[in-house]
>>> print(open('start09.tsv').read())   # TSV, C-alpha atoms
chain	number	residue	atom	x	y	z
N	1	MET	CA	1.21	-27.13	11.19
N	2	LYS	CA	0.98	-26.01	7.58
N	3	ILE	CA	1.58	-22.46	6.41
N	4	TYR	CA	-1.05	-21.55	3.83
N	5	ASN	CA	-0.05	-17.93	3.39
N	6	LYS	CA	3.73	-17.63	3.71
N	7	LYS	CA	3.86	-13.88	3.09
N	8	GLY	CA	1.23	-13.15	5.76
N	9	PHE	CA	2.78	-15.61	8.21
N	10	TRP	CA	6.28	-14.16	7.95
N	11	SER	CA	5.03	-10.57	8.09
N	12	GLY	CA	3.25	-11.54	11.31
N	13	ILE	CA	6.45	-13.01	12.71
N	14	PHE	CA	8.30	-9.82	11.74
N	15	PHE	CA	5.80	-7.62	13.59
N	16	LEU	CA	5.97	-9.87	16.65
N	17	LEU	CA	9.78	-9.55	16.62
N	18	VAL	CA	9.46	-5.75	16.34
N	19	ALA	CA	7.11	-5.78	19.34
N	20	VAL	CA	9.55	-7.94	21.33
N	21	ALA	CA	12.41	-5.57	20.43
N	22	TYR	CA	10.36	-2.58	21.61
N	23	ILE	CA	9.51	-4.32	24.89
N	24	ILE	CA	13.16	-5.24	25.50
N	25	LEU	CA	14.23	-1.65	24.87
N	26	LEU	CA	11.56	-0.37	27.27
N	27	ILE	CA	12.56	-2.85	30.00
N	28	ASN	CA	16.24	-1.90	29.65
N	29	ASP	CA	15.44	1.78	30.17
N	30	PRO	CA	13.21	1.89	33.27
N	31	HIS	CA	14.07	5.46	34.30
N	32	ASP	CA	11.87	6.97	31.60
N	33	MET	CA	8.80	4.84	32.35
N	34	ASN	CA	6.51	7.83	32.71
N	35	THR	CA	7.43	9.76	29.61
N	36	VAL	CA	5.01	10.27	26.76
N	37	SER	CA	7.41	8.63	24.32
N	38	ASN	CA	7.35	5.40	26.34
N	39	VAL	CA	3.56	5.42	26.37
N	40	LYS	CA	3.64	5.77	22.59
N	41	SER	CA	6.18	2.92	22.38
N	42	ILE	CA	3.98	0.68	24.54
N	43	PHE	CA	0.97	1.50	22.36
N	44	PHE	CA	2.97	0.76	19.22
N	45	ALA	CA	4.25	-2.52	20.71
N	46	ILE	CA	0.67	-3.59	21.55
N	47	LEU	CA	-0.43	-2.77	17.98
N	48	CYS	CA	2.49	-4.80	16.60
N	49	VAL	CA	1.59	-7.77	18.79
N	50	LEU	CA	-2.08	-7.66	17.77
N	51	PHE	CA	-1.28	-7.32	14.09
N	52	GLY	CA	1.47	-9.95	14.25
N	53	VAL	CA	-0.72	-12.50	16.02
N	54	SER	CA	-3.61	-11.97	13.59
N	55	GLN	CA	-1.32	-12.30	10.56
N	56	VAL	CA	0.28	-15.48	11.91
N	57	TYR	CA	-3.17	-16.94	12.72
N	58	ARG	CA	-4.51	-16.07	9.26
N	59	GLY	CA	-1.40	-17.53	7.64
N	60	LEU	CA	-1.92	-20.87	9.39
N	61	ASP	CA	-5.67	-21.11	8.69
N	62	SER	CA	-6.67	-22.34	5.21
N	63	LYS	CA	-10.16	-20.79	5.30
N	64	ARG	CA	-8.87	-17.35	6.24
N	65	THR	CA	-6.06	-17.59	3.69
N	66	LYS	CA	-8.66	-18.30	1.02
N	67	GLU	CA	-10.65	-15.27	2.23
N	68	ASP	CA	-7.56	-13.06	2.02
N	69	GLU	CA	-6.75	-14.31	-1.50
N	70	GLN	CA	-10.35	-13.72	-2.57
N	71	ASN	CA	-10.29	-10.18	-1.18
N	72	ASP	CA	-7.03	-9.45	-3.01
N	73	ASP	CA	-8.67	-9.88	-6.41
N	74	GLU	CA	-8.02	-8.18	-9.78
N	75	ARG	CA	-10.10	-5.11	-8.96
N	76	LYS	CA	-8.19	-4.55	-5.68
N	77	LYS	CA	-4.88	-4.91	-7.54
N	78	LEU	CA	-6.01	-2.38	-10.14
N	79	VAL	CA	-7.11	0.08	-7.43
N	80	THR	CA	-3.76	-0.33	-5.65
N	81	LEU	CA	-1.86	0.18	-8.92
N	82	LYS	CA	-3.81	3.35	-9.74
N	83	ALA	CA	-3.46	4.71	-6.19
N	84	GLU	CA	0.30	4.13	-6.10
N	85	SER	CA	0.72	5.72	-9.53
N	86	THR	CA	-1.27	8.80	-8.45
N	87	ALA	CA	0.68	9.05	-5.19
N	88	PHE	CA	3.95	8.81	-7.10
N	89	ARG	CA	2.90	11.60	-9.50
N	90	ILE	CA	1.73	13.86	-6.66
N	91	THR	CA	4.98	13.31	-4.73
N	92	PHE	CA	7.04	13.95	-7.86
N	93	ASN	CA	5.21	17.20	-8.59
N	94	ILE	CA	5.51	18.40	-4.99
N	95	PHE	CA	9.25	17.79	-4.99
N	96	LEU	CA	9.61	19.52	-8.40
N	97	VAL	CA	7.84	22.60	-7.02
N	98	LEU	CA	9.97	22.55	-3.87
N	99	THR	CA	13.14	22.26	-5.98
N	100	ALA	CA	12.05	25.23	-8.10
N	101	LEU	CA	11.27	27.31	-4.99
N	102	LEU	CA	14.65	26.48	-3.50
N	103	ILE	CA	16.42	27.50	-6.73
N	104	LEU	CA	14.52	30.78	-6.54
N	105	ALA	CA	15.42	31.28	-2.87
N	106	ILE	CA	19.11	30.55	-3.55
N	107	GLY	CA	19.06	32.98	-6.50
N	108	VAL	CA	17.42	35.71	-4.40
N	109	THR	CA	19.87	35.34	-1.50
N	110	LYS	CA	22.89	35.17	-3.75
N	111	TYR	CA	22.20	37.96	-6.22
N	112	ASN	CA	20.33	40.50	-4.11
N	113	GLY	CA	23.08	41.13	-1.63
N	114	LEU	CA	21.20	39.29	1.07
N	115	MET	CA	23.80	36.59	1.04
N	116	ASP	CA	24.79	35.24	4.38
N	117	VAL	CA	27.16	32.33	3.98
N	118	THR	CA	25.37	30.25	6.61
N	119	ILE	CA	21.95	30.79	5.03
N	120	TYR	CA	23.33	30.15	1.54
N	121	ASN	CA	25.04	26.91	2.60
N	122	SER	CA	21.91	25.78	4.46
N	123	LEU	CA	19.75	26.44	1.40
N	124	LEU	CA	22.24	24.63	-0.79
N	125	GLY	CA	22.21	21.64	1.55
N	126	ILE	CA	18.41	21.54	1.59
N	127	PHE	CA	18.37	21.93	-2.20
N	128	VAL	CA	20.65	18.90	-2.66
N	129	GLY	CA	18.49	16.84	-0.33
N	130	VAL	CA	15.24	17.86	-2.00
N	131	ALA	CA	16.47	17.78	-5.63
N	132	ILE	CA	17.85	14.27	-5.27
N	133	VAL	CA	14.32	12.86	-4.81
N	134	PRO	CA	12.86	13.82	-8.25
N	135	SER	CA	16.20	12.82	-9.82
N	136	ILE	CA	15.91	9.32	-8.35
N	137	MET	CA	12.24	9.22	-9.41
N	138	VAL	CA	13.12	10.06	-13.02
N	139	ILE	CA	15.76	7.32	-13.10
N	140	ALA	CA	13.27	4.90	-11.52
N	141	ILE	CA	10.61	5.78	-14.15
N	142	ILE	CA	13.08	5.17	-16.99
N	143	GLY	CA	14.24	1.89	-15.45
N	144	ALA	CA	10.70	0.69	-14.77
N	145	ASN	CA	9.62	1.58	-18.31
N	146	ILE	CA	12.49	-0.40	-19.82
N	147	TYR	CA	11.80	-3.37	-17.54
N	148	HIS	CA	8.08	-3.56	-18.18
N	149	ASP	CA	8.47	-2.84	-21.89
N	150	LYS	CA	10.69	-5.90	-22.24
N	151	ARG	CA	8.43	-8.14	-20.20
N	152	THR	CA	5.05	-7.10	-21.65
A	1	MET	CA	-19.57	-1.64	-20.16
A	2	GLN	CA	-23.20	-2.69	-19.80
A	3	ASN	CA	-24.00	-6.09	-18.36
A	4	LYS	CA	-26.86	-8.15	-17.01
A	5	ILE	CA	-25.07	-9.66	-14.04
A	6	LYS	CA	-27.53	-8.34	-11.48
A	7	GLU	CA	-30.63	-9.54	-13.33
A	8	LEU	CA	-29.16	-12.98	-13.93
A	9	ARG	CA	-27.91	-13.27	-10.34
A	10	ILE	CA	-31.35	-12.39	-8.94
A	11	SER	CA	-33.05	-14.80	-11.36
A	12	LYS	CA	-30.92	-17.57	-9.89
A	13	ASN	CA	-31.69	-16.46	-6.30
A	14	MET	CA	-28.07	-15.77	-5.49
A	15	THR	CA	-26.64	-13.15	-3.19
A	16	GLN	CA	-23.69	-11.00	-4.20
A	17	GLN	CA	-21.52	-12.86	-1.69
A	18	GLN	CA	-22.50	-16.24	-3.12
A	19	LEU	CA	-21.61	-15.11	-6.63
A	20	ALA	CA	-18.34	-13.63	-5.34
A	21	ASP	CA	-17.43	-16.94	-3.65
A	22	LEU	CA	-18.30	-18.84	-6.82
A	23	VAL	CA	-15.97	-16.80	-9.03
A	24	SER	CA	-13.31	-16.23	-6.32
A	25	VAL	CA	-13.50	-12.46	-6.09
A	26	SER	CA	-14.50	-10.07	-3.33
A	27	ASN	CA	-18.03	-8.88	-2.73
A	28	ARG	CA	-16.87	-5.37	-3.59
A	29	THR	CA	-15.89	-6.48	-7.09
A	30	ILE	CA	-19.36	-7.93	-7.74
A	31	ILE	CA	-20.92	-4.66	-6.53
A	32	SER	CA	-18.66	-2.67	-8.89
A	33	LEU	CA	-19.49	-5.00	-11.79
A	34	GLU	CA	-23.24	-4.68	-11.24
A	35	LYS	CA	-22.96	-0.89	-11.04
A	36	GLU	CA	-20.93	-1.01	-14.28
A	37	GLN	CA	-18.09	0.86	-12.57
A	38	TYR	CA	-15.55	-1.87	-13.32
A	39	ASN	CA	-14.83	-3.90	-16.46
A	40	PRO	CA	-13.79	-7.47	-15.66
A	41	SER	CA	-10.82	-9.20	-17.21
A	42	ILE	CA	-11.52	-11.84	-19.84
A	43	MET	CA	-10.82	-14.60	-17.32
A	44	LEU	CA	-13.24	-13.16	-14.77
A	45	ALA	CA	-15.91	-12.58	-17.42
A	46	TYR	CA	-15.47	-16.19	-18.52
A	47	ARG	CA	-15.78	-17.48	-14.95
A	48	ILE	CA	-18.93	-15.42	-14.37
A	49	SER	CA	-20.46	-16.70	-17.61
>>> encode(input="start09.tsv", output="structure tokens")
Amino acid sequence: MKIYNKKGFWSGIFFLLVAVAYIILLINDPHDMNTVSNVKSIFFAILCVLFGVSQVYRGLDSKRTKEDEQNDDERKKLVTLKAESTAFRITFNIFLVLTALLILAIGVTKYNGLMDVTIYNSLLGIFVGVAIVPSIMVIAIIGANIYHDKRT
Amino acid sequence: MQNKIKELRISKNMTQQQLADLVSVSNRTIISLEKEQYNPSIMLAYRIS
């Protein structure tokens, strides 16, 4: 048995293990068998099994591996690169706007006598959580620029 | 970038899939090339030639 596509094969194994874990968790908790969340878990486990089996099968078949490699050509890689870049920029801009709105909200509650300590602390907590995302993104952009500048 | 891929492919009685298999790319890439929506890399252009 030869593995032609190691990445696909091991991702298939991973999804099969996730499905097995879900099934074990469901079996160990029989009292909630009729809840909506268990139905969703069963559906998710079935999807994981189907995806895992297909990935493992494709990883072990040379013809299908060649098909997958052919479909993952330069144009597909370019499209993926452009899509991820656009998604990153959109996410960054959304978080910048949210951060600005939270700064405004904190300013309004603090300086207009509307300050309630609980609300202020909640807003501050949310602000820290939201503001950390664009901060990490900026550091990641700088790091990625340095890395690719050296290698290209 | 303008090209004559479609004309030349048809003159050789090839389908898009056959050309895609020959140069190891997807069918979708050949379609994009023929519609001049995508510019191939030098390596791909060389393989097609």
>>> residues_around(input="start09.tsv", residues="A:Val25", least_positions_apart="6", cutoff="12 Å", atoms="all atoms listed in the file", output="list in words")
Lys66, Glu67, Asp68, Glu69, Gln70, Asn71, Asp72, Asp73, Glu74, Arg75, Lys76 and Lys77 of chain N; Gln16, Gln17, Gln18, Leu19, Ile31, Ser32, Leu33, Pro40, Ser41, Met43, Leu44, Ala45, Arg47 and Ile48 of chain A
>>> atom_distance(input="start09.tsv", atom1="atom CA of A:Arg28", atom2="atom CA of A:Met14")
15.4 Å
>>> residues_around(input="start09.tsv", residues="N:Phe15", least_positions_apart="5", cutoff="8 Å", atoms="only C-alpha atoms", output="VMD selection string")
chain N and resid 48 to 49 51 to 52
>>> interface_residues(input="start09.tsv", of="chain A", to="chain N", cutoff="7 Å", atoms="only C-alpha atoms", output="compact mmCIF listing (two decimals) with C-alpha atoms, in the coordinates of the input")
# COMPACT_ATOMS: atom_id res chain seq x y z
CA SER A 24 -13.31 -16.23 -6.32
CA VAL A 25 -13.50 -12.46 -6.09
CA SER A 26 -14.50 -10.07 -3.33
CA THR A 29 -15.89 -6.48 -7.09
>>> residues_around(input="start09.tsv", residues="stretch 17-29 of chain N", least_positions_apart="6", cutoff="9 Å", atoms="only C-alpha atoms", output="MDAnalysis selection string")
chainID N and resid 38 41:42 44:49 52
>>> atom_distance(input="start09.tsv", atom1="atom CA of N:Ser62", atom2="atom CA of N:Asn5")
8.2 Å
>>> axis_aligned_box(input="start09.tsv", around="stretch 141-144 of chain N", padding_each_side="5 Å", output="JSON")
{"center_x": 12.4, "center_y": 3.2, "center_z": -15.6, "size_x": 13.6, "size_y": 15.1, "size_z": 12.8}
>>> closest_residue(input="start09.tsv", among="N:Ile142, N:Ile136, N:Leu81, N:Leu124", to="N:Leu104", atoms="all atoms listed in the file")
N:Leu124
>>> atom_distance(input="start09.tsv", atom1="atom CA of N:Gly125", atom2="atom CA of N:Ile103")
11.7 Å
>>> closest_residue(input="start09.tsv", among="A:Leu8, A:Glu36, A:Ser49, A:Met1", to="A:Leu22", atoms="only C-alpha atoms")
A:Ser49
>>> closest_residue(input="start09.tsv", among="N:Thr118, N:Ser85, N:Ser11, N:Thr80", to="N:Gln55", atoms="all atoms listed in the file")
N:Ser11
>>> closest_residue(input="start09.tsv", among="A:Val23, A:Gln37, A:Tyr46, A:Ile30", to="A:Lys6", atoms="all atoms listed in the file")
A:Ile30
>>> build_atoms(input="start09.tsv", residues="stretch 8-42 of chain A", atoms="N, CA and C atoms", output="mmCIF file, keeping the file's coordinate frame")
data_model
loop_
_atom_site.group_PDB
_atom_site.id
_atom_site.type_symbol
_atom_site.label_atom_id
_atom_site.label_comp_id
_atom_site.auth_asym_id
_atom_site.auth_seq_id
_atom_site.Cartn_x
_atom_site.Cartn_y
_atom_site.Cartn_z
ATOM 1 N N LEU A 8 -29.378 -11.526 -13.867
ATOM 2 C CA LEU A 8 -29.160 -12.980 -13.930
ATOM 3 C C LEU A 8 -28.912 -13.551 -12.540
ATOM 4 N N ARG A 9 -28.192 -12.803 -11.714
ATOM 5 C CA ARG A 9 -27.910 -13.270 -10.340
ATOM 6 C C ARG A 9 -29.223 -13.411 -9.561
ATOM 7 N N ILE A 10 -30.076 -12.379 -9.663
ATOM 8 C CA ILE A 10 -31.350 -12.390 -8.940
ATOM 9 C C ILE A 10 -32.254 -13.514 -9.467
ATOM 10 N N SER A 11 -32.206 -13.729 -10.786
ATOM 11 C CA SER A 11 -33.050 -14.800 -11.360
ATOM 12 C C SER A 11 -32.639 -16.169 -10.835
ATOM 13 N N LYS A 12 -31.386 -16.297 -10.440
ATOM 14 C CA LYS A 12 -30.920 -17.570 -9.890
ATOM 15 C C LYS A 12 -30.932 -17.573 -8.349
ATOM 16 N N ASN A 13 -31.575 -16.566 -7.766
ATOM 17 C CA ASN A 13 -31.690 -16.460 -6.300
ATOM 18 C C ASN A 13 -30.333 -16.533 -5.585
ATOM 19 N N MET A 14 -29.398 -15.793 -6.118
ATOM 20 C CA MET A 14 -28.070 -15.770 -5.490
ATOM 21 C C MET A 14 -27.818 -14.404 -4.870
ATOM 22 N N THR A 15 -27.070 -14.430 -3.774
ATOM 23 C CA THR A 15 -26.640 -13.150 -3.190
ATOM 24 C C THR A 15 -25.326 -12.735 -3.866
ATOM 25 N N GLN A 16 -24.952 -11.488 -3.634
ATOM 26 C CA GLN A 16 -23.690 -11.000 -4.200
ATOM 27 C C GLN A 16 -22.509 -11.808 -3.624
ATOM 28 N N GLN A 17 -22.601 -12.116 -2.331
ATOM 29 C CA GLN A 17 -21.520 -12.860 -1.690
ATOM 30 C C GLN A 17 -21.386 -14.261 -2.271
ATOM 31 N N GLN A 18 -22.536 -14.894 -2.545
ATOM 32 C CA GLN A 18 -22.500 -16.240 -3.120
ATOM 33 C C GLN A 18 -21.848 -16.237 -4.500
ATOM 34 N N LEU A 19 -22.211 -15.227 -5.300
ATOM 35 C CA LEU A 19 -21.610 -15.110 -6.630
ATOM 36 C C LEU A 19 -20.117 -14.834 -6.509
ATOM 37 N N ALA A 20 -19.753 -13.966 -5.558
ATOM 38 C CA ALA A 20 -18.340 -13.630 -5.340
ATOM 39 C C ALA A 20 -17.543 -14.883 -4.958
ATOM 40 N N ASP A 21 -18.103 -15.697 -4.082
ATOM 41 C CA ASP A 21 -17.430 -16.940 -3.650
ATOM 42 C C ASP A 21 -17.279 -17.904 -4.821
ATOM 43 N N LEU A 22 -18.300 -17.913 -5.674
ATOM 44 C CA LEU A 22 -18.300 -18.840 -6.820
ATOM 45 C C LEU A 22 -17.194 -18.519 -7.819
ATOM 46 N N VAL A 23 -16.977 -17.218 -8.041
ATOM 47 C CA VAL A 23 -15.970 -16.800 -9.030
ATOM 48 C C VAL A 23 -14.668 -16.332 -8.392
ATOM 49 N N SER A 24 -14.560 -16.541 -7.056
ATOM 50 C CA SER A 24 -13.310 -16.230 -6.320
ATOM 51 C C SER A 24 -12.878 -14.772 -6.401
ATOM 52 N N VAL A 25 -13.836 -13.891 -6.211
ATOM 53 C CA VAL A 25 -13.500 -12.460 -6.090
ATOM 54 C C VAL A 25 -14.179 -11.917 -4.833
ATOM 55 N N SER A 26 -13.881 -10.673 -4.524
ATOM 56 C CA SER A 26 -14.500 -10.070 -3.330
ATOM 57 C C SER A 26 -15.908 -9.585 -3.666
ATOM 58 N N ASN A 27 -16.672 -9.406 -2.638
ATOM 59 C CA ASN A 27 -18.030 -8.880 -2.730
ATOM 60 C C ASN A 27 -18.020 -7.495 -3.406
ATOM 61 N N ARG A 28 -17.004 -6.745 -3.063
ATOM 62 C CA ARG A 28 -16.870 -5.370 -3.590
ATOM 63 C C ARG A 28 -16.729 -5.372 -5.116
ATOM 64 N N THR A 29 -16.058 -6.384 -5.622
ATOM 65 C CA THR A 29 -15.890 -6.480 -7.090
ATOM 66 C C THR A 29 -17.236 -6.745 -7.757
ATOM 67 N N ILE A 30 -18.037 -7.628 -7.169
ATOM 68 C CA ILE A 30 -19.360 -7.930 -7.740
ATOM 69 C C ILE A 30 -20.227 -6.659 -7.726
ATOM 70 N N ILE A 31 -20.154 -5.918 -6.628
ATOM 71 C CA ILE A 31 -20.920 -4.660 -6.530
ATOM 72 C C ILE A 31 -20.497 -3.706 -7.649
ATOM 73 N N SER A 32 -19.183 -3.563 -7.841
ATOM 74 C CA SER A 32 -18.660 -2.670 -8.890
ATOM 75 C C SER A 32 -19.070 -3.139 -10.280
ATOM 76 N N LEU A 33 -19.087 -4.457 -10.490
ATOM 77 C CA LEU A 33 -19.490 -5.000 -11.790
ATOM 78 C C LEU A 33 -20.955 -4.696 -12.072
ATOM 79 N N GLU A 34 -21.794 -4.907 -11.057
ATOM 80 C CA GLU A 34 -23.240 -4.680 -11.240
ATOM 81 C C GLU A 34 -23.556 -3.199 -11.458
ATOM 82 N N LYS A 35 -22.751 -2.342 -10.854
ATOM 83 C CA LYS A 35 -22.960 -0.890 -11.040
ATOM 84 C C LYS A 35 -22.291 -0.395 -12.320
ATOM 85 N N GLU A 36 -21.634 -1.328 -13.026
ATOM 86 C CA GLU A 36 -20.930 -1.010 -14.280
ATOM 87 C C GLU A 36 -19.815 0.014 -14.067
ATOM 88 N N GLN A 37 -19.215 -0.033 -12.887
ATOM 89 C CA GLN A 37 -18.090 0.860 -12.570
ATOM 90 C C GLN A 37 -16.764 0.199 -12.924
ATOM 91 N N TYR A 38 -16.792 -1.129 -13.092
ATOM 92 C CA TYR A 38 -15.550 -1.870 -13.320
ATOM 93 C C TYR A 38 -15.765 -2.861 -14.461
ATOM 94 N N ASN A 39 -14.768 -2.919 -15.371
ATOM 95 C CA ASN A 39 -14.830 -3.900 -16.460
ATOM 96 C C ASN A 39 -13.974 -5.102 -16.099
ATOM 97 N N PRO A 40 -14.556 -6.290 -16.091
ATOM 98 C CA PRO A 40 -13.790 -7.470 -15.660
ATOM 99 C C PRO A 40 -12.756 -7.867 -16.710
ATOM 100 N N SER A 41 -11.773 -8.623 -16.264
ATOM 101 C CA SER A 41 -10.820 -9.200 -17.210
ATOM 102 C C SER A 41 -11.539 -10.311 -17.974
ATOM 103 N N ILE A 42 -10.897 -10.778 -19.033
ATOM 104 C CA ILE A 42 -11.520 -11.840 -19.840
ATOM 105 C C ILE A 42 -11.722 -13.095 -19.002
#
